[in-house]
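Colleague: Contents are PDB, C-alpha atoms; file name target06.pdb:
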```
ATOM      1  CA  MET O1197     -61.316  32.928  42.820
ATOM      2  CA  VAL O1198     -62.598  35.735  40.614
ATOM      3  CA  MET O1199     -62.750  39.437  41.320
ATOM      4  CA  MET O1200     -65.754  40.700  43.228
ATOM      5  CA  LYS O1201     -67.803  43.294  41.357
ATOM      6  CA  GLN O1202     -66.684  46.744  42.492
ATOM      7  CA  PRO O1203     -68.866  49.676  41.415
ATOM      8  CA  GLY O1204     -66.085  52.129  42.316
ATOM      9  CA  VAL O1205     -63.606  50.386  40.037
ATOM     10  CA  ILE O1206     -66.147  50.165  37.226
ATOM     11  CA  ASN O1207     -66.869  53.903  37.541
ATOM     12  CA  ARG O1208     -63.145  54.700  37.472
ATOM     13  CA  LEU O1209     -62.667  52.584  34.349
ATOM     14  CA  LYS O1210     -65.582  54.303  32.612
ATOM     15  CA  ARG O1211     -64.040  57.694  33.425
ATOM     16  CA  ILE O1212     -60.697  56.507  32.056
ATOM     17  CA  GLU O1213     -62.453  55.278  28.928
ATOM     18  CA  GLY O1214     -63.913  58.762  28.472
ATOM     19  CA  GLN O1215     -60.493  60.331  28.998
ATOM     20  CA  VAL O1216     -58.978  58.093  26.317
ATOM     21  CA  ARG O1217     -61.748  59.021  23.868
ATOM     22  CA  GLY O1218     -61.006  62.663  24.671
ATOM     23  CA  ILE O1219     -57.332  62.130  23.863
ATOM     24  CA  ALA O1220     -58.274  60.556  20.535
ATOM     25  CA  ARG O1221     -60.376  63.635  19.723
ATOM     26  CA  MET O1222     -57.458  65.874  20.675
ATOM     27  CA  VAL O1223     -55.200  63.998  18.235
ATOM     28  CA  GLU O1224     -57.837  64.163  15.493
ATOM     29  CA  GLU O1225     -58.155  67.917  16.098
ATOM     30  CA  GLU O1226     -54.360  68.250  15.962
ATOM     31  CA  ARG O1227     -54.202  69.831  19.402
ATOM     32  CA  TYR O1228     -50.936  70.919  20.990
ATOM     33  CA  CYS O1229     -48.674  67.924  21.748
ATOM     34  CA  ILE O1230     -47.978  68.954  25.339
ATOM     35  CA  ASP O1231     -51.715  69.127  26.085
ATOM     36  CA  ILE O1232     -52.166  65.619  24.671
ATOM     37  CA  LEU O1233     -49.221  64.277  26.655
ATOM     38  CA  THR O1234     -50.575  65.904  29.822
ATOM     39  CA  GLN O1235     -53.882  64.110  29.342
ATOM     40  CA  MET O1236     -52.063  60.842  28.699
ATOM     41  CA  GLN O1237     -50.217  61.232  32.005
ATOM     42  CA  ALA O1238     -53.574  61.755  33.729
ATOM     43  CA  VAL O1239     -54.888  58.515  32.214
ATOM     44  CA  LYS O1240     -51.796  56.608  33.328
ATOM     45  CA  ALA O1241     -52.170  57.955  36.873
ATOM     46  CA  ALA O1242     -55.854  56.977  36.916
ATOM     47  CA  LEU O1243     -54.990  53.470  35.705
ATOM     48  CA  ARG O1244     -52.334  53.120  38.423
ATOM     49  CA  LYS O1245     -54.849  54.147  41.085
ATOM     50  CA  THR O1246     -57.415  51.685  39.728
ATOM     51  CA  GLU O1247     -54.776  48.972  39.649
ATOM     52  CA  GLU O1248     -54.030  49.657  43.333
ATOM     53  CA  GLU O1249     -57.707  49.296  44.204
ATOM     54  CA  ILE O1250     -57.963  45.962  42.399
ATOM     55  CA  LEU O1251     -54.779  44.740  44.095
ATOM     56  CA  LYS O1252     -56.169  45.732  47.514
ATOM     57  CA  THR O1253     -59.313  43.758  46.739
ATOM     58  CA  HIS O1254     -57.270  40.751  45.665
ATOM     59  CA  VAL O1255     -55.218  40.774  48.844
ATOM     60  CA  GLY O1256     -58.212  41.517  51.044
ATOM     61  CA  HIS O1257     -60.398  38.882  49.468
ATOM     62  CA  CYS O1258     -58.593  36.180  47.504
ATOM     63  CA  VAL O1259     -55.361  36.027  49.474
ATOM     64  CA  GLU O1260     -57.154  36.393  52.794
ATOM     65  CA  ASP O1261     -59.510  33.543  51.871
ATOM     66  CA  ALA O1262     -56.537  31.335  50.984
ATOM     67  CA  ILE O1263     -54.920  32.077  54.350
ATOM     68  CA  LYS O1264     -58.157  31.402  56.235
ATOM     69  CA  SER O1265     -58.728  28.157  54.326
ATOM     70  CA  GLY O1266     -55.641  26.564  55.843
ATOM     71  CA  ASP O1267     -54.999  24.917  52.461
ATOM     72  CA  PRO O1268     -51.207  25.065  51.960
ATOM     73  CA  GLU O1269     -51.511  24.522  48.189
ATOM     74  CA  ASP O1270     -53.942  27.411  47.769
ATOM     75  CA  GLN O1271     -51.801  29.606  50.032
ATOM     76  CA  ARG O1272     -48.679  28.849  47.966
ATOM     77  CA  LYS O1273     -50.592  29.552  44.755
ATOM     78  CA  LYS O1274     -51.765  32.975  45.958
ATOM     79  CA  PHE O1275     -48.300  33.841  47.277
ATOM     80  CA  THR O1276     -46.721  32.857  43.948
ATOM     81  CA  GLU O1277     -49.267  34.983  42.064
ATOM     82  CA  LEU O1278     -48.392  38.012  44.186
ATOM     83  CA  VAL O1279     -44.644  37.487  43.751
ATOM     84  CA  ARG O1280     -45.039  37.236  39.965
ATOM     85  CA  LEU O1281     -47.241  40.304  39.895
ATOM     86  CA  MET O1282     -44.767  42.335  41.931
ATOM     87  CA  GLY O1283     -42.001  41.174  39.599
ATOM     88  CA  ARG O1284     -43.914  42.570  36.635
ATOM     89  CA  PHE O1285     -44.409  45.911  38.423
ATOM     90  CA  GLY O1286     -40.640  46.087  38.515
TER      91      GLY O1286
END
```
Using structure tokens, write down the structure from this file.

Modeller:
Amino acid sequence: MVMMKQPGVINRLKRIEGQVRGIARMVEEERYCIDILTQMQAVKAALRKTEEEILKTHVGHCVEDAIKSGDPEDQRKKFTELVRLMGRFG
């Protein structure tokens, strides 16, 4: 299964991309370190929120489809993916 196209997620990622370009400009302009770090924290928060949205889609689409399919192999695969992912989140 692949991710469904999500305009909201794409828009968020484009905003994040713009924020990162803004941070690069701030570094080039030798702006105050705390201001740069503040913007970096904003980017990290935006990425976390986007990650949550993609995870919700995965559970609501891919995992749900595996459960509905009744295919034990596919169900185990999706469960294992989620366990590994949660392990990486720490």

Colleague: Neighbouring residues of O:Leu1278 were defined as those with any atom within 9 Å, considering only C-alpha atoms; residues of the same chain fewer than 5 positions away were excluded. Please report them as a PyMOL selection string.

Modeller: chain O and resi 1255+1259+1273+1283

Colleague: Pull C-alpha atoms from the residues just selected and write them as a tab-separated table (two decimals), keeping the file's coordinate frame.

Modeller:
```
chain	number	residue	atom	x	y	z
O	1255	VAL	CA	-55.22	40.77	48.84
O	1259	VAL	CA	-55.36	36.03	49.47
O	1273	LYS	CA	-50.59	29.55	44.76
O	1283	GLY	CA	-42.00	41.17	39.60
```

Colleague: Once the PyMOL selection byres ((chain O and resi 1237-1250) around 7) has been applied to the shown file, what residues remain in the selection, as a list in words?

Modeller: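 Output of the PyMOL selection byres ((chain O and resi 1237-1250) around 7): Val1205, Arg1208, Ile1212, Gln1215, Leu1233, Thr1234, Gln1235, Met1236, Leu1251, Lys1252, Thr1253 and His1254 of chain O.
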
Colleague: One decimal, in Å: what's the spacing between atom CA of O:Lys1274 and atom CA of O:Gly1204?

Modeller: 24.2 Å

Colleague: Take atom CA of O:Asn1207 and atom CA of O:Ile1230 and report the distance between them in Å, one decimal.

Modeller: 27.1 Å

Colleague: Quick check, in Å to one decimal: how far apart do atom CA of O:Glu1226 and atom CA of O:Gly1214 lie?

Modeller: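 Computing the Euclidean distance for atom CA of O:Glu1226 and atom CA of O:Gly1214 yields 18.4 Å.
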
Colleague: Which centre and edge lengths in Å to one decimal define the box along x, y and z that fits every listed atom of stretch 1210-1213 of chain O plus 5 Å per side, as lines of an AutoDock Vina configuration file?

Modeller:
```
center_x = -63.1
center_y = 56.0
center_z = 31.2
size_x = 14.9
size_y = 13.4
size_z = 14.5
```

Colleague: Where atoms are absent from stretch 1240-1272 of chain O, fill them in so it carries N, CA and C atoms, then output it as a short mmCIF file (atom, residue, chain, number, x, y, z; two decimals), in the frame of the given file.

Modeller:
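rebuild.cif written:
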```cif
data_model
loop_
_atom_site.label_atom_id
_atom_site.label_comp_id
_atom_site.auth_asym_id
_atom_site.auth_seq_id
_atom_site.Cartn_x
_atom_site.Cartn_y
_atom_site.Cartn_z
N LYS O 1240 -52.70 57.57 32.71
CA LYS O 1240 -51.80 56.61 33.33
C LYS O 1240 -51.91 56.65 34.85
N ALA O 1241 -52.02 57.84 35.42
CA ALA O 1241 -52.17 57.96 36.87
C ALA O 1241 -53.49 57.33 37.33
N ALA O 1242 -54.55 57.56 36.57
CA ALA O 1242 -55.85 56.98 36.92
C ALA O 1242 -55.82 55.46 36.83
N LEU O 1243 -55.13 54.92 35.83
CA LEU O 1243 -54.99 53.47 35.70
C LEU O 1243 -54.19 52.90 36.88
N ARG O 1244 -53.12 53.59 37.28
CA ARG O 1244 -52.33 53.12 38.42
C ARG O 1244 -53.19 53.07 39.69
N LYS O 1245 -53.99 54.10 39.90
CA LYS O 1245 -54.85 54.15 41.08
C LYS O 1245 -55.88 53.02 41.04
N THR O 1246 -56.44 52.77 39.89
CA THR O 1246 -57.42 51.68 39.73
C THR O 1246 -56.74 50.34 39.95
N GLU O 1247 -55.54 50.20 39.45
CA GLU O 1247 -54.78 48.97 39.65
C GLU O 1247 -54.54 48.72 41.14
N GLU O 1248 -54.22 49.78 41.88
CA GLU O 1248 -54.03 49.66 43.33
C GLU O 1248 -55.30 49.18 44.02
N GLU O 1249 -56.43 49.70 43.60
CA GLU O 1249 -57.71 49.30 44.20
C GLU O 1249 -57.99 47.82 43.94
N ILE O 1250 -57.73 47.37 42.73
CA ILE O 1250 -57.96 45.96 42.40
C ILE O 1250 -57.00 45.07 43.18
N LEU O 1251 -55.76 45.50 43.32
CA LEU O 1251 -54.78 44.74 44.10
C LEU O 1251 -55.20 44.64 45.56
N LYS O 1252 -55.68 45.75 46.12
CA LYS O 1252 -56.17 45.73 47.51
C LYS O 1252 -57.31 44.73 47.67
N THR O 1253 -58.20 44.71 46.69
CA THR O 1253 -59.31 43.76 46.74
C THR O 1253 -58.80 42.33 46.67
N HIS O 1254 -57.83 42.10 45.80
CA HIS O 1254 -57.27 40.75 45.66
C HIS O 1254 -56.65 40.29 46.98
N VAL O 1255 -55.86 41.14 47.58
CA VAL O 1255 -55.22 40.77 48.84
C VAL O 1255 -56.26 40.62 49.94
N GLY O 1256 -57.21 41.54 49.99
CA GLY O 1256 -58.21 41.52 51.04
C GLY O 1256 -59.27 40.46 50.88
N HIS O 1257 -59.36 39.88 49.71
CA HIS O 1257 -60.40 38.88 49.47
C HIS O 1257 -59.78 37.52 49.12
N CYS O 1258 -59.11 37.47 48.00
CA CYS O 1258 -58.59 36.18 47.50
C CYS O 1258 -57.47 35.64 48.38
N VAL O 1259 -56.50 36.48 48.66
CA VAL O 1259 -55.36 36.03 49.47
C VAL O 1259 -55.82 35.74 50.90
N GLU O 1260 -56.64 36.61 51.44
CA GLU O 1260 -57.15 36.39 52.79
C GLU O 1260 -57.93 35.08 52.89
N ASP O 1261 -58.76 34.80 51.88
CA ASP O 1261 -59.51 33.54 51.87
C ASP O 1261 -58.58 32.33 51.83
N ALA O 1262 -57.50 32.45 51.06
CA ALA O 1262 -56.54 31.34 50.98
C ALA O 1262 -55.87 31.12 52.34
N ILE O 1263 -55.55 32.19 53.02
CA ILE O 1263 -54.92 32.08 54.35
C ILE O 1263 -55.90 31.44 55.33
N LYS O 1264 -57.14 31.93 55.32
CA LYS O 1264 -58.16 31.40 56.24
C LYS O 1264 -58.48 29.94 55.96
N SER O 1265 -58.36 29.52 54.70
CA SER O 1265 -58.73 28.16 54.33
C SER O 1265 -57.82 27.12 54.98
N GLY O 1266 -56.59 27.52 55.28
CA GLY O 1266 -55.64 26.56 55.84
C GLY O 1266 -55.09 25.59 54.81
N ASP O 1267 -55.45 25.79 53.55
CA ASP O 1267 -55.00 24.92 52.46
C ASP O 1267 -53.62 25.39 51.99
N PRO O 1268 -52.56 24.63 52.32
CA PRO O 1268 -51.21 25.06 51.96
C PRO O 1268 -51.01 25.24 50.45
N GLU O 1269 -51.65 24.41 49.65
CA GLU O 1269 -51.51 24.52 48.19
C GLU O 1269 -52.11 25.83 47.69
N ASP O 1270 -53.30 26.16 48.17
CA ASP O 1270 -53.94 27.41 47.77
C ASP O 1270 -53.13 28.61 48.27
N GLN O 1271 -52.62 28.52 49.49
CA GLN O 1271 -51.80 29.61 50.03
C GLN O 1271 -50.55 29.83 49.18
N ARG O 1272 -49.87 28.74 48.81
CA ARG O 1272 -48.68 28.85 47.97
C ARG O 1272 -49.03 29.47 46.61
#
```
